[in-house]
$ cat entry29.pdb   # PDB, C-alpha atoms
ATOM      1  CA  MET R   1      12.398 -17.167   9.115
ATOM      2  CA  ASN R   2      11.959 -19.088   5.915
ATOM      3  CA  PHE R   3      14.081 -18.799   2.792
ATOM      4  CA  SER R   4      12.449 -20.410  -0.243
ATOM      5  CA  PHE R   5      15.802 -21.315  -1.782
ATOM      6  CA  LEU R   6      16.574 -23.357   1.341
ATOM      7  CA  ASP R   7      13.322 -25.302   0.939
ATOM      8  CA  ASN R   8      14.297 -26.265  -2.587
ATOM      9  CA  TRP R   9      17.813 -27.208  -1.471
ATOM     10  CA  ARG R  10      16.462 -29.360   1.366
ATOM     11  CA  LYS R  11      14.196 -31.257  -1.016
ATOM     12  CA  ARG R  12      17.256 -32.226  -3.055
ATOM     13  CA  HIS R  13      19.699 -32.850  -0.200
ATOM     14  CA  ASP R  14      17.602 -33.904   2.828
ATOM     15  CA  SER R  15      19.302 -31.698   5.433
ATOM     16  CA  ALA R  16      17.034 -32.861   8.248
ATOM     17  CA  ASP R  17      20.124 -34.078  10.107
ATOM     18  CA  GLY R  18      21.115 -30.463  10.845
ATOM     19  CA  THR R  19      24.116 -30.422   8.534
ATOM     20  CA  PRO R  20      25.292 -26.836   8.254
ATOM     21  CA  LEU R  21      24.094 -25.470   4.947
ATOM     22  CA  ALA R  22      27.387 -23.685   4.312
ATOM     23  CA  SER R  23      29.339 -26.941   4.671
ATOM     24  CA  ALA R  24      26.890 -28.960   2.626
ATOM     25  CA  VAL R  25      26.871 -26.494  -0.235
ATOM     26  CA  GLY R  26      30.645 -26.163  -0.104
ATOM     27  CA  GLU R  27      30.546 -22.368  -0.446
ATOM     28  CA  PRO R  28      30.362 -20.851   3.048
ATOM     29  CA  GLU R  29      31.310 -17.454   1.659
ATOM     30  CA  GLY R  30      28.218 -17.446  -0.559
ATOM     31  CA  VAL R  31      25.899 -18.228   2.327
ATOM     32  CA  ALA R  32      27.624 -15.645   4.536
ATOM     33  CA  GLU R  33      27.327 -13.060   1.770
ATOM     34  CA  LEU R  34      23.629 -13.809   1.338
ATOM     35  CA  LEU R  35      22.953 -13.496   5.076
ATOM     36  CA  SER R  36      24.968 -10.273   5.306
ATOM     37  CA  GLU R  37      22.887  -8.268   2.816
ATOM     38  CA  CYS R  38      20.498  -6.781   5.430
ATOM     39  CA  GLU R  39      19.196  -4.256   2.891
ATOM     40  CA  LEU R  40      16.501  -2.659   5.053
ATOM     41  CA  LEU R  41      18.787  -2.164   8.037
ATOM     42  CA  ARG R  42      21.548  -0.748   5.847
ATOM     43  CA  ALA R  43      19.060   1.638   4.200
ATOM     44  CA  ARG R  44      17.655   2.872   7.535
ATOM     45  CA  ALA R  45      21.137   3.266   8.989
ATOM     46  CA  GLY R  46      22.192   5.211   5.883
ATOM     47  CA  GLN R  47      19.219   7.534   6.297
ATOM     48  CA  ASN R  48      20.658   8.355   9.715
ATOM     49  CA  GLY R  49      24.144   8.965   8.317
ATOM     50  CA  LEU R  50      25.520   5.625   9.501
ATOM     51  CA  GLU R  51      27.394   3.352   7.117
ATOM     52  CA  LEU R  52      27.455  -0.246   8.307
ATOM     53  CA  ASP R  53      30.976  -1.583   7.800
ATOM     54  CA  ASP R  54      30.548  -4.975   9.506
ATOM     55  CA  SER R  55      32.569  -3.861  12.524
ATOM     56  CA  PRO R  56      31.814  -4.111  16.248
ATOM     57  CA  ALA R  57      31.841  -0.304  16.385
ATOM     58  CA  SER R  58      28.941  -0.223  13.911
ATOM     59  CA  LEU R  59      26.883  -2.304  16.354
ATOM     60  CA  GLU R  60      27.486   0.327  19.030
ATOM     61  CA  ALA R  61      26.400   3.020  16.569
ATOM     62  CA  LEU R  62      23.216   1.077  15.731
ATOM     63  CA  ASP R  63      22.423   0.858  19.443
ATOM     64  CA  GLN R  64      22.441   4.676  19.533
ATOM     65  CA  LEU R  65      19.989   5.215  16.658
ATOM     66  CA  PRO R  66      16.560   6.606  17.549
ATOM     67  CA  PRO R  67      14.150   3.652  17.164
ATOM     68  CA  ARG R  68      11.802   5.244  14.627
ATOM     69  CA  TRP R  69      11.069   1.813  13.131
ATOM     70  CA  ARG R  70       8.975   1.001  16.204
ATOM     71  CA  ASP R  71       6.336   3.358  14.804
ATOM     72  CA  ASP R  72       5.802   1.011  11.852
ATOM     73  CA  PRO R  73       4.528  -2.411  12.986
ATOM     74  CA  GLU R  74       4.939  -3.803   9.480
ATOM     75  CA  GLU R  75       8.585  -2.788   9.190
ATOM     76  CA  LEU R  76       9.651  -3.664  12.730
ATOM     77  CA  PRO R  77       9.969  -7.458  12.258
ATOM     78  CA  TRP R  78      11.838  -7.053   8.967
ATOM     79  CA  LEU R  79      14.247  -4.566  10.466
ATOM     80  CA  GLY R  80      14.693  -6.788  13.526
ATOM     81  CA  ASN R  81      15.446  -9.764  11.300
ATOM     82  CA  ASP R  82      18.025  -7.709   9.408
ATOM     83  CA  ALA R  83      19.543  -6.499  12.699
ATOM     84  CA  GLY R  84      19.971 -10.097  13.808
ATOM     85  CA  LEU R  85      21.554 -11.130  10.525
ATOM     86  CA  TYR R  86      23.846  -8.097  10.681
ATOM     87  CA  LEU R  87      24.829  -8.974  14.254
ATOM     88  CA  GLY R  88      25.617 -12.493  13.070
ATOM     89  CA  THR R  89      27.626 -11.141  10.161
ATOM     90  CA  VAL R  90      29.773  -9.012  12.473
ATOM     91  CA  ILE R  91      30.335 -11.963  14.814
ATOM     92  CA  VAL R  92      31.239 -14.362  11.986
ATOM     93  CA  ARG R  93      33.630 -11.867  10.404
ATOM     94  CA  THR R  94      35.393 -10.769  13.601
ATOM     95  CA  VAL R  95      35.222 -13.554  16.212
ATOM     96  CA  PRO R  96      37.700 -16.368  15.499
ATOM     97  CA  GLY R  97      36.008 -19.715  14.906
ATOM     98  CA  ALA R  98      32.485 -18.295  14.566
ATOM     99  CA  SER R  99      30.405 -19.562  11.655
ATOM    100  CA  TRP R 100      26.872 -19.610  10.336
ATOM    101  CA  ARG R 101      24.748 -22.693  10.906
ATOM    102  CA  ILE R 102      21.296 -23.240   9.442
ATOM    103  CA  TRP R 103      18.991 -25.262  11.656
ATOM    104  CA  PRO R 104      16.407 -27.575  10.129
ATOM    105  CA  GLY R 105      13.534 -25.322   9.197
ATOM    106  CA  GLY R 106      15.852 -22.656   7.777
ATOM    107  CA  HIS R 107      16.679 -20.801  11.019
ATOM    108  CA  PRO R 108      20.176 -19.206  10.863
ATOM    109  CA  VAL R 109      22.267 -19.122  14.039
ATOM    110  CA  VAL R 110      25.906 -18.345  14.736
ATOM    111  CA  ARG R 111      28.026 -21.124  16.181
ATOM    112  CA  LEU R 112      31.045 -20.084  18.211
ATOM    113  CA  ALA R 113      34.279 -22.075  18.410
ATOM    114  CA  SER R 114      33.165 -23.243  21.874
ATOM    115  CA  GLY R 115      30.107 -24.917  20.302
ATOM    116  CA  ARG R 116      27.680 -22.395  21.777
ATOM    117  CA  GLU R 117      25.044 -21.245  19.313
ATOM    118  CA  ILE R 118      23.689 -17.704  19.361
ATOM    119  CA  GLN R 119      20.194 -17.081  18.077
ATOM    120  CA  VAL R 120      21.087 -13.796  16.447
ATOM    121  CA  VAL R 121      17.741 -13.289  14.703
ATOM    122  CA  GLU R 122      15.892 -13.423  18.033
ATOM    123  CA  ALA R 123      18.401 -10.982  19.518
ATOM    124  CA  GLY R 124      17.827  -8.637  16.563
ATOM    125  CA  LEU R 125      14.056  -8.866  16.896
ATOM    126  CA  ASP R 126      14.247  -8.132  20.633
ATOM    127  CA  TRP R 127      16.576  -5.205  19.962
ATOM    128  CA  ALA R 128      14.254  -3.758  17.319
ATOM    129  CA  ALA R 129      11.173  -4.132  19.522
ATOM    130  CA  THR R 130      12.544  -3.092  22.916
ATOM    131  CA  GLY R 131      16.157  -1.980  22.579
ATOM    132  CA  ALA R 132      17.401  -4.832  24.747
ATOM    133  CA  PRO R 133      19.647  -6.627  24.556
ATOM    134  CA  GLU R 134      21.861  -4.106  22.821
ATOM    135  CA  LEU R 135      23.529  -5.524  19.727
ATOM    136  CA  SER R 136      26.940  -4.498  21.039
ATOM    137  CA  GLN R 137      26.260  -6.382  24.278
ATOM    138  CA  VAL R 138      25.426  -9.611  22.436
ATOM    139  CA  TYR R 139      28.576  -9.155  20.373
ATOM    140  CA  ALA R 140      30.737  -8.597  23.483
ATOM    141  CA  GLU R 141      29.403 -11.785  25.069
ATOM    142  CA  ALA R 142      30.132 -13.733  21.879
ATOM    143  CA  ALA R 143      33.634 -12.297  21.612
ATOM    144  CA  GLU R 144      34.423 -13.337  25.187
ATOM    145  CA  ALA R 145      33.254 -16.939  24.763
TER     146      ALA R 145
END

$ encode --input "entry29.pdb" --output "structure tokens"
Amino acid sequence: MNFSFLDNWRKRHDSADGTPLASAVGEPEGVAELLSECELLRARAGQNGLELDDSPASLEALDQLPPRWRDDPEELPWLGNDAGLYLGTVIVRTVPGASWRIWPGGHPVVRLASGREIQVVEAGLDWAATGAPELSQVYAEAAEA
């Protein structure tokens, strides 16, 4: 995934060393807020009567939605990306010590207090395409670490 604003930031700050974007910018809340938008996922969930409240229970509810997005090959990767960012948002907001980290190249991951990094976008894409792993399962594994 590529965010154009990150490209511009990198040109000015040379983040090739893997410095977390949130730390380098000095406003981790702003980065977390940006990554938590997930507009498409929130819209599709809302169409199914589900309000995403950034809780672990909302991940379980997402796992139960009928996967109608699989019928639209153009929407599927966008929804999967949003699902991964939403999963990361829930982890960062509810698992102590978890934080966003932006890899060189603009790839967001969640780093747990243990140092383990979870590739939440890939998990979201897999969930959107196949239903596995379930978002709630990835969350449970992160919460246990």

$ atom_distance --input "entry29.pdb" --atom1 "CA of Tyr139 in chain R" --atom2 "CA of Arg101 in chain R"
17.0 Å

$ closest_residue --input "entry29.pdb" --among "R:Asn81, R:Asp53, R:Thr130, R:Arg70" --to "Val109 in chain R" --atoms "all atoms listed in the file"
R:Asn81

$ resolve_selection --input "entry29.pdb" --expression "the PyMOL selection byres ((chain R and resi 134-136) around 12)" --output "MDAnalysis selection string"
chainID R and resid 55:65 80 82:91 120:133 137:143

$ write_last_selection --input "entry29.pdb" --atoms "C-alpha atoms" --output "mmCIF file, in the frame of the given file"
data_model
loop_
_atom_site.group_PDB
_atom_site.id
_atom_site.type_symbol
_atom_site.label_atom_id
_atom_site.label_comp_id
_atom_site.auth_asym_id
_atom_site.auth_seq_id
_atom_site.Cartn_x
_atom_site.Cartn_y
_atom_site.Cartn_z
ATOM 1 C CA SER R 55 32.569 -3.861 12.524
ATOM 2 C CA PRO R 56 31.814 -4.111 16.248
ATOM 3 C CA ALA R 57 31.841 -0.304 16.385
ATOM 4 C CA SER R 58 28.941 -0.223 13.911
ATOM 5 C CA LEU R 59 26.883 -2.304 16.354
ATOM 6 C CA GLU R 60 27.486 0.327 19.030
ATOM 7 C CA ALA R 61 26.400 3.020 16.569
ATOM 8 C CA LEU R 62 23.216 1.077 15.731
ATOM 9 C CA ASP R 63 22.423 0.858 19.443
ATOM 10 C CA GLN R 64 22.441 4.676 19.533
ATOM 11 C CA LEU R 65 19.989 5.215 16.658
ATOM 12 C CA GLY R 80 14.693 -6.788 13.526
ATOM 13 C CA ASP R 82 18.025 -7.709 9.408
ATOM 14 C CA ALA R 83 19.543 -6.499 12.699
ATOM 15 C CA GLY R 84 19.971 -10.097 13.808
ATOM 16 C CA LEU R 85 21.554 -11.130 10.525
ATOM 17 C CA TYR R 86 23.846 -8.097 10.681
ATOM 18 C CA LEU R 87 24.829 -8.974 14.254
ATOM 19 C CA GLY R 88 25.617 -12.493 13.070
ATOM 20 C CA THR R 89 27.626 -11.141 10.161
ATOM 21 C CA VAL R 90 29.773 -9.012 12.473
ATOM 22 C CA ILE R 91 30.335 -11.963 14.814
ATOM 23 C CA VAL R 120 21.087 -13.796 16.447
ATOM 24 C CA VAL R 121 17.741 -13.289 14.703
ATOM 25 C CA GLU R 122 15.892 -13.423 18.033
ATOM 26 C CA ALA R 123 18.401 -10.982 19.518
ATOM 27 C CA GLY R 124 17.827 -8.637 16.563
ATOM 28 C CA LEU R 125 14.056 -8.866 16.896
ATOM 29 C CA ASP R 126 14.247 -8.132 20.633
ATOM 30 C CA TRP R 127 16.576 -5.205 19.962
ATOM 31 C CA ALA R 128 14.254 -3.758 17.319
ATOM 32 C CA ALA R 129 11.173 -4.132 19.522
ATOM 33 C CA THR R 130 12.544 -3.092 22.916
ATOM 34 C CA GLY R 131 16.157 -1.980 22.579
ATOM 35 C CA ALA R 132 17.401 -4.832 24.747
ATOM 36 C CA PRO R 133 19.647 -6.627 24.556
ATOM 37 C CA GLN R 137 26.260 -6.382 24.278
ATOM 38 C CA VAL R 138 25.426 -9.611 22.436
ATOM 39 C CA TYR R 139 28.576 -9.155 20.373
ATOM 40 C CA ALA R 140 30.737 -8.597 23.483
ATOM 41 C CA GLU R 141 29.403 -11.785 25.069
ATOM 42 C CA ALA R 142 30.132 -13.733 21.879
ATOM 43 C CA ALA R 143 33.634 -12.297 21.612
#

$ atom_distance --input "entry29.pdb" --atom1 "CA of Ser36 in chain R" --atom2 "CA of Ala145 in chain R"
22.2 Å

$ residues_near_point --input "entry29.pdb" --point "(22.6, -18.9, 7.8)" --cutoff "8 Å" --atoms "only C-alpha atoms" --output "list in words"
Leu21, Ala22, Val31, Ala32, Leu35, Trp100, Arg101, Ile102, Gly106, His107, Pro108, Val109 and Val110 of chain R

$ write_last_selection --input "entry29.pdb" --atoms "C-alpha atoms" --output "mmCIF file, in the coordinates of the input"
data_model
loop_
_atom_site.group_PDB
_atom_site.id
_atom_site.type_symbol
_atom_site.label_atom_id
_atom_site.label_comp_id
_atom_site.auth_asym_id
_atom_site.auth_seq_id
_atom_site.Cartn_x
_atom_site.Cartn_y
_atom_site.Cartn_z
ATOM 1 C CA LEU R 21 24.094 -25.470 4.947
ATOM 2 C CA ALA R 22 27.387 -23.685 4.312
ATOM 3 C CA VAL R 31 25.899 -18.228 2.327
ATOM 4 C CA ALA R 32 27.624 -15.645 4.536
ATOM 5 C CA LEU R 35 22.953 -13.496 5.076
ATOM 6 C CA TRP R 100 26.872 -19.610 10.336
ATOM 7 C CA ARG R 101 24.748 -22.693 10.906
ATOM 8 C CA ILE R 102 21.296 -23.240 9.442
ATOM 9 C CA GLY R 106 15.852 -22.656 7.777
ATOM 10 C CA HIS R 107 16.679 -20.801 11.019
ATOM 11 C CA PRO R 108 20.176 -19.206 10.863
ATOM 12 C CA VAL R 109 22.267 -19.122 14.039
ATOM 13 C CA VAL R 110 25.906 -18.345 14.736
#
